[in-house]
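Student: Provided herewith: start08.csv, CSV, C-alpha atoms and all ligand atoms.
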chain,number,residue,atom,x,y,z
A,1487,MET,CA,-34.9,-28.0,12.2
A,1488,ILE,CA,-31.4,-29.2,11.5
A,1489,HIS,CA,-29.6,-26.5,9.5
A,1490,SER,CA,-25.9,-27.0,10.6
A,1491,VAL,CA,-24.1,-30.1,11.6
A,1492,ALA,CA,-20.6,-30.6,13.1
A,1493,VAL,CA,-18.8,-34.0,13.4
A,1494,ILE,CA,-16.1,-34.0,16.2
A,1495,THR,CA,-13.7,-36.9,16.8
A,1496,GLY,CA,-12.1,-37.2,20.2
A,1497,ALA,CA,-15.3,-35.8,21.7
A,1498,SER,CA,-15.2,-38.1,24.8
A,1499,GLN,CA,-12.8,-35.9,26.8
A,1500,GLY,CA,-10.2,-33.1,26.7
A,1501,ILE,CA,-10.0,-30.7,23.8
A,1502,GLY,CA,-12.6,-32.7,21.7
A,1503,GLN,CA,-15.2,-32.6,24.5
A,1504,ALA,CA,-14.6,-28.8,25.1
A,1505,THR,CA,-15.0,-28.2,21.4
A,1506,ALA,CA,-18.2,-30.2,21.2
A,1507,VAL,CA,-19.7,-28.2,24.1
A,1508,ARG,CA,-18.6,-24.9,22.5
A,1509,LEU,CA,-19.9,-25.8,19.0
A,1510,ALA,CA,-23.3,-26.7,20.5
A,1511,ARG,CA,-23.8,-22.9,20.7
A,1512,ASP,CA,-23.2,-22.5,17.0
A,1513,PHE,CA,-24.5,-25.7,15.3
A,1514,SER,CA,-27.9,-27.2,15.5
A,1515,ALA,CA,-26.6,-30.8,15.8
A,1516,VAL,CA,-23.3,-32.3,16.8
A,1517,ALA,CA,-22.0,-35.9,16.1
A,1518,LEU,CA,-19.7,-37.1,18.8
A,1519,VAL,CA,-17.1,-39.7,18.0
A,1520,ALA,CA,-14.6,-41.7,20.2
A,1521,ARG,CA,-14.4,-45.2,21.6
A,1522,SER,CA,-15.8,-44.6,25.1
A,1523,ARG,CA,-19.6,-44.6,24.8
A,1524,ALA,CA,-20.0,-43.8,28.5
A,1525,ASN,CA,-17.8,-40.6,28.2
A,1526,LEU,CA,-19.5,-39.6,24.9
A,1527,GLU,CA,-22.9,-39.8,26.7
A,1528,LYS,CA,-21.6,-37.3,29.2
A,1529,THR,CA,-20.5,-35.0,26.4
A,1530,ALA,CA,-23.9,-35.5,24.7
A,1531,ALA,CA,-25.7,-34.3,27.9
A,1532,LEU,CA,-23.6,-31.1,28.0
A,1533,VAL,CA,-24.3,-30.5,24.3
A,1534,ARG,CA,-28.0,-30.9,24.8
A,1535,ASP,CA,-27.9,-28.6,27.7
A,1536,SER,CA,-26.5,-26.0,25.3
A,1537,GLY,CA,-29.5,-26.5,23.0
A,1538,ALA,CA,-28.0,-28.6,20.2
A,1539,GLN,CA,-29.0,-32.2,19.2
A,1540,ALA,CA,-26.3,-34.8,19.9
A,1541,LEU,CA,-25.5,-38.1,18.2
A,1542,VAL,CA,-23.1,-40.5,20.0
A,1543,ILE,CA,-21.0,-42.7,17.7
A,1544,ASP,CA,-18.7,-45.0,19.4
A,1545,ALA,CA,-16.0,-46.0,16.9
A,1546,ASP,CA,-12.3,-46.8,16.9
A,1547,MET,CA,-11.1,-44.3,14.3
A,1548,SER,CA,-7.9,-46.3,13.7
A,1549,GLU,CA,-10.0,-48.9,12.0
A,1550,VAL,CA,-10.5,-48.5,8.2
A,1551,SER,CA,-14.2,-49.1,8.2
A,1552,SER,CA,-15.0,-46.5,10.9
A,1553,ALA,CA,-14.8,-43.4,8.6
A,1554,GLN,CA,-17.6,-44.5,6.3
A,1555,ALA,CA,-19.7,-45.7,9.3
A,1556,VAL,CA,-19.4,-42.3,11.0
A,1557,VAL,CA,-20.4,-40.4,7.9
A,1558,GLU,CA,-23.3,-42.7,7.2
A,1559,GLN,CA,-24.7,-42.5,10.8
A,1560,THR,CA,-24.4,-38.7,10.8
A,1561,LEU,CA,-26.1,-38.3,7.4
A,1562,SER,CA,-28.8,-40.7,8.4
A,1563,ALA,CA,-29.5,-38.8,11.6
A,1564,PHE,CA,-29.1,-35.2,10.4
A,1565,GLY,CA,-28.8,-35.3,6.6
A,1566,ARG,CA,-25.8,-33.0,6.2
A,1567,ILE,CA,-22.2,-32.2,7.4
A,1568,ASP,CA,-21.1,-28.6,7.6
A,1569,ALA,CA,-18.0,-29.0,9.8
A,1570,LEU,CA,-15.6,-31.8,10.6
A,1571,LEU,CA,-13.2,-31.4,13.5
A,1572,ASN,CA,-10.6,-34.2,13.5
A,1573,ILE,CA,-9.3,-34.0,17.1
A,1574,ALA,CA,-8.8,-37.7,18.2
A,1575,GLY,CA,-5.2,-38.5,18.8
A,1576,ALA,CA,-3.2,-40.8,21.0
A,1577,VAL,CA,0.3,-41.0,19.5
A,1578,PRO,CA,2.6,-43.0,21.7
A,1579,GLN,CA,5.1,-40.8,23.6
A,1580,ILE,CA,8.1,-43.1,23.3
A,1581,ASP,CA,11.8,-42.5,22.4
A,1582,LEU,CA,12.7,-42.6,18.8
A,1583,PHE,CA,15.1,-45.5,19.3
A,1584,GLU,CA,12.7,-47.5,21.4
A,1585,MET,CA,9.5,-47.3,19.4
A,1586,SER,CA,8.4,-50.5,17.8
A,1587,GLU,CA,6.9,-50.9,14.3
A,1588,GLU,CA,3.5,-51.6,16.0
A,1589,GLN,CA,3.7,-48.4,18.0
A,1590,TRP,CA,4.6,-46.3,15.0
A,1591,ASN,CA,1.8,-47.9,13.0
A,1592,ALA,CA,-0.8,-47.4,15.9
A,1593,GLY,CA,0.1,-43.7,16.1
A,1594,LEU,CA,-0.2,-43.2,12.3
A,1595,ALA,CA,-3.3,-45.3,12.1
A,1596,LEU,CA,-5.4,-43.1,14.3
A,1597,LYS,CA,-4.2,-39.5,14.1
A,1598,LEU,CA,-3.0,-39.3,10.5
A,1599,HIS,CA,-4.9,-42.0,8.6
A,1600,GLY,CA,-8.0,-41.8,10.8
A,1601,ALA,CA,-8.3,-38.0,10.1
A,1602,ARG,CA,-7.4,-38.6,6.4
A,1603,ARG,CA,-10.0,-41.3,5.9
A,1604,LEU,CA,-12.8,-39.4,7.7
A,1605,THR,CA,-12.1,-36.2,5.8
A,1606,ILE,CA,-12.3,-38.1,2.5
A,1607,ALA,CA,-15.4,-40.0,3.5
A,1608,ALA,CA,-17.1,-36.7,4.6
A,1609,TRP,CA,-15.9,-34.7,1.6
A,1610,PRO,CA,-18.9,-35.1,-0.7
A,1611,ALA,CA,-21.2,-33.9,2.2
A,1612,LEU,CA,-18.8,-31.1,3.0
A,1613,LYS,CA,-18.6,-30.1,-0.6
A,1614,GLN,CA,-22.4,-29.9,-0.8
A,1615,ALA,CA,-22.5,-27.8,2.3
A,1616,LYS,CA,-19.5,-25.6,1.4
A,1617,GLY,CA,-18.2,-26.8,4.8
A,1618,SER,CA,-15.1,-26.5,6.9
A,1619,VAL,CA,-12.5,-29.0,8.2
A,1620,VAL,CA,-10.0,-28.7,11.0
A,1621,LEU,CA,-7.2,-31.2,11.6
A,1622,MET,CA,-5.5,-31.3,15.0
A,1623,SER,CA,-1.7,-31.0,14.9
A,1624,GLY,CA,0.4,-29.8,17.8
A,1625,ASN,CA,3.4,-27.6,18.5
A,1626,SER,CA,5.6,-30.6,18.5
A,1627,ALA,CA,5.4,-30.4,14.7
A,1628,ILE,CA,7.8,-27.5,14.9
A,1629,PHE,CA,9.8,-28.8,18.0
A,1630,PRO,CA,10.4,-32.5,17.2
A,1631,LYS,CA,12.2,-34.1,20.1
A,1632,ALA,CA,13.9,-37.6,20.2
A,1633,PRO,CA,12.0,-38.8,23.4
A,1634,TYR,CA,8.6,-38.2,21.6
A,1635,ALA,CA,9.6,-38.5,18.0
A,1636,ALA,CA,6.4,-39.9,16.6
A,1637,VAL,CA,4.4,-37.1,18.1
A,1638,GLY,CA,6.3,-34.4,16.2
A,1639,THR,CA,6.6,-36.5,13.1
A,1640,ILE,CA,2.8,-37.2,12.9
A,1641,ASN,CA,1.9,-33.6,13.8
A,1642,ALA,CA,4.1,-32.3,11.0
A,1643,ALA,CA,2.5,-34.7,8.6
A,1644,ILE,CA,-1.0,-33.5,9.7
A,1645,VAL,CA,0.0,-29.9,8.8
A,1646,ALA,CA,1.0,-31.1,5.3
A,1647,LEU,CA,-2.1,-33.3,5.0
A,1648,ALA,CA,-4.4,-30.3,5.9
A,1649,LYS,CA,-2.6,-28.2,3.3
A,1650,SER,CA,-3.3,-30.9,0.6
A,1651,PHE,CA,-7.0,-31.0,1.5
A,1652,ALA,CA,-7.1,-27.2,1.5
A,1653,ASP,CA,-5.6,-27.2,-2.0
A,1654,ARG,CA,-8.4,-29.4,-3.3
A,1655,GLY,CA,-10.9,-27.5,-1.2
A,1656,ILE,CA,-10.3,-24.3,-3.2
A,1657,GLU,CA,-12.0,-25.8,-6.2
A,1658,ASP,CA,-14.5,-27.8,-4.1
A,1659,GLY,CA,-15.5,-25.0,-1.8
A,1660,VAL,CA,-14.3,-26.7,1.4
A,1661,GLN,CA,-12.2,-24.8,3.8
A,1662,VAL,CA,-9.4,-26.7,5.6
A,1663,ASN,CA,-7.0,-25.6,8.4
A,1664,SER,CA,-4.8,-27.2,11.0
A,1665,VAL,CA,-4.3,-26.2,14.7
A,1666,LEU,CA,-1.1,-26.5,16.7
A,1667,PRO,CA,-1.8,-26.1,20.4
A,1668,GLY,CA,0.9,-25.8,23.0
A,1669,PRO,CA,0.6,-27.5,26.4
A,1670,VAL,CA,-3.0,-27.8,27.3
A,1671,MET,CA,-4.0,-29.5,30.6
A,1672,THR,CA,-5.8,-32.7,29.7
A,1673,GLY,CA,-5.4,-36.4,30.3
A,1674,ARG,CA,-3.0,-36.6,27.5
A,1675,ARG,CA,-0.8,-33.8,28.9
A,1676,GLU,CA,-0.8,-35.7,32.2
A,1677,SER,CA,0.6,-38.8,30.4
A,1678,TYR,CA,3.2,-36.6,28.7
A,1679,LEU,CA,4.3,-35.2,32.0
A,1680,GLU,CA,4.6,-38.8,33.4
A,1681,HIS,CA,7.1,-39.4,30.6
A,1682,TRP,CA,8.8,-36.0,30.9
A,1683,ALA,CA,9.3,-36.1,34.7
A,1684,PRO,CA,11.9,-38.8,35.0
A,1685,LEU,CA,13.8,-37.4,32.0
A,1686,HIS,CA,14.2,-34.1,33.9
A,1687,GLY,CA,14.8,-35.7,37.4
A,1688,MET,CA,11.5,-34.7,38.8
A,1689,THR,CA,8.4,-36.4,40.3
A,1690,VAL,CA,5.2,-36.0,38.2
A,1691,ALA,CA,3.9,-33.4,40.7
A,1692,GLU,CA,7.1,-31.4,40.4
A,1693,ALA,CA,7.0,-31.7,36.6
A,1694,ARG,CA,3.3,-30.6,36.5
A,1695,ALA,CA,4.3,-27.5,38.5
A,1696,ASN,CA,7.6,-26.7,36.7
A,1697,PHE,CA,6.8,-27.6,33.1
A,1698,PRO,CA,5.3,-24.1,32.1
A,1699,LYS,CA,8.4,-22.4,33.6
A,1700,GLU,CA,10.7,-24.8,31.8
A,1701,VAL,CA,9.2,-24.0,28.4
A,1702,LYS,CA,8.8,-20.3,29.3
A,1703,ILE,CA,5.1,-19.9,29.3
A,1704,ALA,CA,2.9,-18.4,32.1
A,1705,ARG,CA,0.6,-21.4,32.4
A,1706,TYR,CA,-1.0,-24.4,30.7
A,1707,GLY,CA,-3.8,-23.7,28.2
A,1708,ALA,CA,-7.4,-24.9,29.0
A,1709,PRO,CA,-9.3,-27.1,26.5
A,1710,GLU,CA,-12.0,-24.4,26.4
A,1711,GLU,CA,-9.4,-21.9,25.0
A,1712,ILE,CA,-8.6,-24.3,22.0
A,1713,ALA,CA,-12.3,-24.8,21.6
A,1714,GLU,CA,-12.8,-21.1,21.0
A,1715,LEU,CA,-10.2,-21.2,18.2
A,1716,MET,CA,-11.9,-24.3,16.7
A,1717,ALA,CA,-15.3,-22.5,16.8
A,1718,PHE,CA,-13.8,-19.5,15.0
A,1719,LEU,CA,-12.3,-21.6,12.3
A,1720,VAL,CA,-15.6,-23.3,11.4
A,1721,SER,CA,-17.6,-20.0,11.7
A,1722,PRO,CA,-18.6,-17.7,8.8
A,1723,ALA,CA,-16.1,-15.1,10.1
A,1724,ALA,CA,-13.2,-17.4,9.1
A,1725,LYS,CA,-14.5,-18.5,5.7
A,1726,TRP,CA,-11.6,-17.0,3.7
A,1727,MET,CA,-9.0,-18.6,5.9
A,1728,THR,CA,-7.9,-21.9,4.4
A,1729,GLY,CA,-4.6,-23.8,4.2
A,1730,SER,CA,-3.4,-22.2,7.4
A,1731,ALA,CA,-1.7,-23.8,10.4
A,1732,LEU,CA,-2.6,-21.9,13.5
A,1733,ARG,CA,-0.6,-22.0,16.7
A,1734,MET,CA,-2.3,-21.3,20.1
A,1735,ASP,CA,0.4,-22.0,22.6
A,1736,GLY,CA,0.7,-19.3,25.3
A,1737,GLY,CA,4.0,-18.2,23.6
A,1738,GLU,CA,5.7,-21.5,23.8
A,1739,ALA,CA,7.1,-21.1,20.2
A,1740,LYS,CA,9.9,-18.5,20.4
A,1741,CYS,CA,10.3,-18.4,16.6
A,1742,VAL,CA,8.2,-16.2,14.3
B,1,LIG,N1,-3.2,-31.6,25.4
B,1,LIG,C1,-2.2,-31.0,24.8
B,1,LIG,O1,-1.3,-30.4,25.4
B,1,LIG,C2,-2.1,-31.1,23.3
B,1,LIG,C3,-1.2,-30.4,22.6
B,1,LIG,C4,-1.1,-30.4,21.2
B,1,LIG,C5,-1.9,-31.3,20.5
B,1,LIG,N2,-2.8,-32.0,21.2
B,1,LIG,C6,-3.7,-32.9,20.4
B,1,LIG,O2,-5.1,-32.6,20.7
B,1,LIG,C7,-5.9,-33.8,20.5
B,1,LIG,C8,-6.7,-34.1,21.7
B,1,LIG,O3,-5.8,-34.2,22.8
B,1,LIG,P1,-6.3,-34.1,24.3
B,1,LIG,O4,-5.1,-33.5,25.1
B,1,LIG,O5,-7.6,-33.6,24.5
B,1,LIG,O6,-6.2,-35.7,24.7
B,1,LIG,P2,-7.2,-36.7,25.5
B,1,LIG,O7,-7.8,-36.0,26.6
B,1,LIG,O8,-6.4,-37.9,25.7
B,1,LIG,O9,-8.3,-37.0,24.4
B,1,LIG,C9,-8.0,-37.8,23.2
B,1,LIG,C10,-9.3,-38.1,22.6
B,1,LIG,O10,-9.0,-39.0,21.5
B,1,LIG,C11,-9.9,-40.2,21.5
B,1,LIG,N3,-9.3,-41.4,21.0
B,1,LIG,C12,-8.2,-42.0,21.4
B,1,LIG,N4,-8.0,-43.1,20.6
B,1,LIG,C13,-9.1,-43.2,19.8
B,1,LIG,C14,-9.4,-44.1,18.8
B,1,LIG,N5,-8.7,-45.2,18.5
B,1,LIG,N6,-10.6,-43.9,18.1
B,1,LIG,C15,-11.4,-42.8,18.3
B,1,LIG,N7,-11.0,-41.9,19.3
B,1,LIG,C16,-9.9,-42.1,20.0
B,1,LIG,C17,-10.2,-40.3,23.0
B,1,LIG,O11,-11.4,-41.0,23.3
B,1,LIG,P3,-11.6,-42.5,23.7
B,1,LIG,O12,-10.4,-42.9,24.6
B,1,LIG,O13,-12.9,-42.6,24.3
B,1,LIG,O14,-11.5,-43.3,22.3
B,1,LIG,C18,-10.3,-38.9,23.5
B,1,LIG,O15,-11.6,-38.4,23.2
B,1,LIG,C19,-4.8,-35.0,20.2
B,1,LIG,O16,-4.8,-35.2,18.8
B,1,LIG,C20,-3.5,-34.4,20.7
B,1,LIG,O17,-2.4,-34.9,20.1
B,1,LIG,C21,-3.0,-32.0,22.6
The structure in this file should be written as structure tokens.
Ligand SMILES: NC(=O)c1ccc[n+]([C@@H]2O[C@H](COP(=O)([O-])OP(=O)(O)OC[C@H]3O[C@@H](n4cnc5c(N)ncnc54)[C@H](OP(=O)(O)O)[C@@H]3O)[C@@H](O)[C@H]2O)c1
Tutor:
Amino acid sequence: MIHSVAVITGASQGIGQATAVRLARDFSAVALVARSRANLEKTAALVRDSGAQALVIDADMSEVSSAQAVVEQTLSAFGRIDALLNIAGAVPQIDLFEMSEEQWNAGLALKLHGARRLTIAAWPALKQAKGSVVLMSGNSAIFPKAPYAAVGTINAAIVALAKSFADRGIEDGVQVNSVLPGPVMTGRRESYLEHWAPLHGMTVAEARANFPKEVKIARYGAPEEIAELMAFLVSPAAKWMTGSALRMDGGEAKCV
């Protein structure tokens, strides 16, 4: 019987995939959202191995119509939504003075507006279930840098957006938080290092090896470690935590 359902965007790889696999231990069904159906099918197999049902939804979350479609397909398959984890993100890592209007709009369309639209579309079901939402931000929200300005700007906006949803969630019984990971080794971190390496006079291999030392952390995080934080935030144990922005960064942030 389906008694708890989680919807996870960005579930085809990286942190989203690790979160889906982790939540399969706590939820009876998981809806997996991203563009790559082939990769989502791999996540679905891992989710089923852990004992949960899996629904694959291939959708481009930067498109306006996707949010409603994801909610309708999830409700039609499982009848409820208890947790929504907005993890999809692919903000262009380009210098502030080089980024085009199109690149700014693409970054905003997926990570900020995609998460906003899906949270709004899922809200009635979340309200009914007294559910939980997590929005993925990132440490760049507190360390904005000119070579990746859109990343920091959009991550800061996500923290504020989560706080706005949390404000409404107090009266609607929906809990909303944001998460700010530090450097986690995924495909996206690899592409960041490809950008970072020449700016620091290194090859990509040197950058991969030296980056943790440069930002004064012992090592990269693993997607599974962020997945544990996600699982906690949508668990009964965290029910009174709402409107919080949680860093998990190996100590990258040196501020309090
Ligand atoms: N890795 C880090 O160090 C780090 C640090 C801080 C924050 N974050 C944030 O964590 C999130 C996940 O990052 P990651 O490192 O796991 O990256 P990743 O491995 O590149 O995964 C990104 C996910 O987003 C999905 N996605 C991209 N464009 C999409 C679109 N238009 N519609 C639907 N889904 C889309 C991708 O799937 P498809 O390509 O199949 O669509 C993929 O599942 C991102 O929001 C990122 O900003 C990561």
Student: My list of candidates is A:Gln1559, A:Ile1567, A:Glu1527, A:Gly1655. Which is closest to Ala1515 of chain A when distances are computed with all atoms listed in the file?
Tutor: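 Answer, going by the shortest atom-to-atom distance: A:Ile1567.
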Student: Between atom CA of Glu1584 of chain A and atom C17 of ligand LIG 1 (chain B), what is the distance, to one decimal in Å?
Tutor: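 Going from atom CA of Glu1584 of chain A over to atom C17 of ligand LIG 1 (chain B), I get 24.1 Å.
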Student: By how many Å are atom CA of Ala1693 of chain A and atom CA of Arg1674 of chain A apart?
Tutor: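 So the answer is 14.4 Å.
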Student: Just give me the gap between atom C3 of ligand LIG 1 (chain B) and atom CA of Gly1673 of chain A in Å, one decimal is fine.
Tutor: 10.6 Å
Student: Calculated over all atoms listed in the file, which of the candidates A:Asp1568, A:Glu1711, A:Glu1676, A:Asp1653 has the smallest distance to ligand LIG 1 (chain B)?
Tutor: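 Answer, going by the shortest atom-to-atom distance: A:Glu1676.
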Student: Quick one: which chain A residues come within 6 Å of ligand LIG 1 (chain B), and what is the nearest atom pair for each with the distance in Å to one decimal, counting only C-alpha atoms and all ligand atoms, rows ordered by chain and ascending number, as a Markdown table?
Tutor:
| residue | atom | partner | partner_atom | distance |
| --- | --- | --- | --- | --- |
| A:Gly1496 | CA | B:LIG1 | O15 | 3.3 |
| A:Ala1497 | CA | B:LIG1 | O15 | 4.8 |
| A:Ser1498 | CA | B:LIG1 | O15 | 4.0 |
| A:Gln1499 | CA | B:LIG1 | O15 | 4.5 |
| A:Gly1500 | CA | B:LIG1 | O5 | 3.4 |
| A:Ile1501 | CA | B:LIG1 | O5 | 3.8 |
| A:Gly1502 | CA | B:LIG1 | O5 | 5.8 |
| A:Ala1520 | CA | B:LIG1 | N7 | 3.7 |
| A:Arg1521 | CA | B:LIG1 | O14 | 3.5 |
| A:Ser1522 | CA | B:LIG1 | O13 | 3.6 |
| A:Ala1545 | CA | B:LIG1 | C15 | 5.8 |
| A:Asp1546 | CA | B:LIG1 | N6 | 3.6 |
| A:Met1547 | CA | B:LIG1 | N6 | 3.9 |
| A:Ser1548 | CA | B:LIG1 | N5 | 5.0 |
| A:Ile1573 | CA | B:LIG1 | C7 | 4.8 |
| A:Ala1574 | CA | B:LIG1 | O10 | 3.6 |
| A:Gly1575 | CA | B:LIG1 | O16 | 3.3 |
| A:Ala1576 | CA | B:LIG1 | C12 | 5.2 |
| A:Leu1596 | CA | B:LIG1 | N5 | 5.7 |
| A:Met1622 | CA | B:LIG1 | O16 | 5.5 |
| A:Ser1623 | CA | B:LIG1 | C5 | 5.6 |
| A:Gly1624 | CA | B:LIG1 | C4 | 3.8 |
| A:Asn1625 | CA | B:LIG1 | C4 | 5.9 |
| A:Leu1666 | CA | B:LIG1 | C4 | 6.0 |
| A:Pro1667 | CA | B:LIG1 | C4 | 4.4 |
| A:Gly1668 | CA | B:LIG1 | C3 | 5.1 |
| A:Pro1669 | CA | B:LIG1 | O1 | 3.6 |
| A:Val1670 | CA | B:LIG1 | O1 | 3.6 |
| A:Met1671 | CA | B:LIG1 | N1 | 5.7 |
| A:Thr1672 | CA | B:LIG1 | O4 | 4.7 |
| A:Gly1673 | CA | B:LIG1 | O7 | 4.4 |
| A:Arg1674 | CA | B:LIG1 | O8 | 4.1 |
| A:Arg1675 | CA | B:LIG1 | N1 | 4.8 |
Student: For the selection just defined, write its residues with C-alpha atoms to a file, as a PDB file, in the coordinates of the input.
Tutor:
ATOM      1  CA  GLY A1496     -12.100 -37.200  20.200  1.00  0.00           C
ATOM      2  CA  ALA A1497     -15.300 -35.800  21.700  1.00  0.00           C
ATOM      3  CA  SER A1498     -15.200 -38.100  24.800  1.00  0.00           C
ATOM      4  CA  GLN A1499     -12.800 -35.900  26.800  1.00  0.00           C
ATOM      5  CA  GLY A1500     -10.200 -33.100  26.700  1.00  0.00           C
ATOM      6  CA  ILE A1501     -10.000 -30.700  23.800  1.00  0.00           C
ATOM      7  CA  GLY A1502     -12.600 -32.700  21.700  1.00  0.00           C
ATOM      8  CA  ALA A1520     -14.600 -41.700  20.200  1.00  0.00           C
ATOM      9  CA  ARG A1521     -14.400 -45.200  21.600  1.00  0.00           C
ATOM     10  CA  SER A1522     -15.800 -44.600  25.100  1.00  0.00           C
ATOM     11  CA  ALA A1545     -16.000 -46.000  16.900  1.00  0.00           C
ATOM     12  CA  ASP A1546     -12.300 -46.800  16.900  1.00  0.00           C
ATOM     13  CA  MET A1547     -11.100 -44.300  14.300  1.00  0.00           C
ATOM     14  CA  SER A1548      -7.900 -46.300  13.700  1.00  0.00           C
ATOM     15  CA  ILE A1573      -9.300 -34.000  17.100  1.00  0.00           C
ATOM     16  CA  ALA A1574      -8.800 -37.700  18.200  1.00  0.00           C
ATOM     17  CA  GLY A1575      -5.200 -38.500  18.800  1.00  0.00           C
ATOM     18  CA  ALA A1576      -3.200 -40.800  21.000  1.00  0.00           C
ATOM     19  CA  LEU A1596      -5.400 -43.100  14.300  1.00  0.00           C
ATOM     20  CA  MET A1622      -5.500 -31.300  15.000  1.00  0.00           C
ATOM     21  CA  SER A1623      -1.700 -31.000  14.900  1.00  0.00           C
ATOM     22  CA  GLY A1624       0.400 -29.800  17.800  1.00  0.00           C
ATOM     23  CA  ASN A1625       3.400 -27.600  18.500  1.00  0.00           C
ATOM     24  CA  LEU A1666      -1.100 -26.500  16.700  1.00  0.00           C
ATOM     25  CA  PRO A1667      -1.800 -26.100  20.400  1.00  0.00           C
ATOM     26  CA  GLY A1668       0.900 -25.800  23.000  1.00  0.00           C
ATOM     27  CA  PRO A1669       0.600 -27.500  26.400  1.00  0.00           C
ATOM     28  CA  VAL A1670      -3.000 -27.800  27.300  1.00  0.00           C
ATOM     29  CA  MET A1671      -4.000 -29.500  30.600  1.00  0.00           C
ATOM     30  CA  THR A1672      -5.800 -32.700  29.700  1.00  0.00           C
ATOM     31  CA  GLY A1673      -5.400 -36.400  30.300  1.00  0.00           C
ATOM     32  CA  ARG A1674      -3.000 -36.600  27.500  1.00  0.00           C
ATOM     33  CA  ARG A1675      -0.800 -33.800  28.900  1.00  0.00           C
TER      34      ARG A1675
END
Student: Nearest to Gly1737 of chain A among A:Val1533, A:Leu1526, A:Ala1713, A:Ile1703, with distances taken over only C-alpha atoms: which residue is it?
Tutor: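 Going through A:Val1533, A:Leu1526, A:Ala1713, A:Ile1703 one by one, the smallest distance to Gly1737 of chain A is for A:Ile1703.
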Student: At a cut-off of 10 Å around the point (-16.6, -26.6, -0.1) (file coordinates), what residues fall inside when counting all atoms listed in the file? I'd like the answer as a list in words.
Tutor: Asp1568, Trp1609, Pro1610, Ala1611, Leu1612, Lys1613, Gln1614, Ala1615, Lys1616, Gly1617, Ser1618, Val1619, Ala1652, Arg1654, Gly1655, Ile1656, Glu1657, Asp1658, Gly1659, Val1660, Gln1661 and Val1662 of chain A
Student: Taking (1.2, -35.0, 13.8) in the file's own coordinates, collect the residues within 12 Å, counting only C-alpha atoms, and hand them back as a short mmCIF file (atom, residue, chain, number, x, y, z; two decimals) with C-alpha atoms, keeping the file's coordinate frame.
Tutor:
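The new file result_33.cif reads:
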data_model
loop_
_atom_site.label_atom_id
_atom_site.label_comp_id
_atom_site.auth_asym_id
_atom_site.auth_seq_id
_atom_site.Cartn_x
_atom_site.Cartn_y
_atom_site.Cartn_z
CA ASN A 1572 -10.60 -34.20 13.50
CA ILE A 1573 -9.30 -34.00 17.10
CA ALA A 1574 -8.80 -37.70 18.20
CA GLY A 1575 -5.20 -38.50 18.80
CA ALA A 1576 -3.20 -40.80 21.00
CA VAL A 1577 0.30 -41.00 19.50
CA PRO A 1578 2.60 -43.00 21.70
CA TRP A 1590 4.60 -46.30 15.00
CA GLY A 1593 0.10 -43.70 16.10
CA LEU A 1594 -0.20 -43.20 12.30
CA ALA A 1595 -3.30 -45.30 12.10
CA LEU A 1596 -5.40 -43.10 14.30
CA LYS A 1597 -4.20 -39.50 14.10
CA LEU A 1598 -3.00 -39.30 10.50
CA HIS A 1599 -4.90 -42.00 8.60
CA GLY A 1600 -8.00 -41.80 10.80
CA ALA A 1601 -8.30 -38.00 10.10
CA ARG A 1602 -7.40 -38.60 6.40
CA LEU A 1621 -7.20 -31.20 11.60
CA MET A 1622 -5.50 -31.30 15.00
CA SER A 1623 -1.70 -31.00 14.90
CA GLY A 1624 0.40 -29.80 17.80
CA ASN A 1625 3.40 -27.60 18.50
CA SER A 1626 5.60 -30.60 18.50
CA ALA A 1627 5.40 -30.40 14.70
CA ILE A 1628 7.80 -27.50 14.90
CA PHE A 1629 9.80 -28.80 18.00
CA PRO A 1630 10.40 -32.50 17.20
CA TYR A 1634 8.60 -38.20 21.60
CA ALA A 1635 9.60 -38.50 18.00
CA ALA A 1636 6.40 -39.90 16.60
CA VAL A 1637 4.40 -37.10 18.10
CA GLY A 1638 6.30 -34.40 16.20
CA THR A 1639 6.60 -36.50 13.10
CA ILE A 1640 2.80 -37.20 12.90
CA ASN A 1641 1.90 -33.60 13.80
CA ALA A 1642 4.10 -32.30 11.00
CA ALA A 1643 2.50 -34.70 8.60
CA ILE A 1644 -1.00 -33.50 9.70
CA VAL A 1645 0.00 -29.90 8.80
CA ALA A 1646 1.00 -31.10 5.30
CA LEU A 1647 -2.10 -33.30 5.00
CA ALA A 1648 -4.40 -30.30 5.90
CA SER A 1664 -4.80 -27.20 11.00
CA VAL A 1665 -4.30 -26.20 14.70
CA LEU A 1666 -1.10 -26.50 16.70
CA PRO A 1667 -1.80 -26.10 20.40
#
Student: Report as an mmCIF file with C-alpha atoms, in the coordinates of the input all protein, DNA and RNA residues lying within 7 Å of Ala1510 of chain A, evaluated on all atoms listed in the file, omitting residues in the same chain fewer than 4 positions from it.
Tutor:
data_model
loop_
_atom_site.group_PDB
_atom_site.id
_atom_site.type_symbol
_atom_site.label_atom_id
_atom_site.label_comp_id
_atom_site.auth_asym_id
_atom_site.auth_seq_id
_atom_site.Cartn_x
_atom_site.Cartn_y
_atom_site.Cartn_z
ATOM 1 C CA ALA A 1506 -18.200 -30.200 21.200
ATOM 2 C CA SER A 1514 -27.900 -27.200 15.500
ATOM 3 C CA VAL A 1516 -23.300 -32.300 16.800
ATOM 4 C CA VAL A 1533 -24.300 -30.500 24.300
ATOM 5 C CA SER A 1536 -26.500 -26.000 25.300
ATOM 6 C CA GLY A 1537 -29.500 -26.500 23.000
ATOM 7 C CA ALA A 1538 -28.000 -28.600 20.200
#
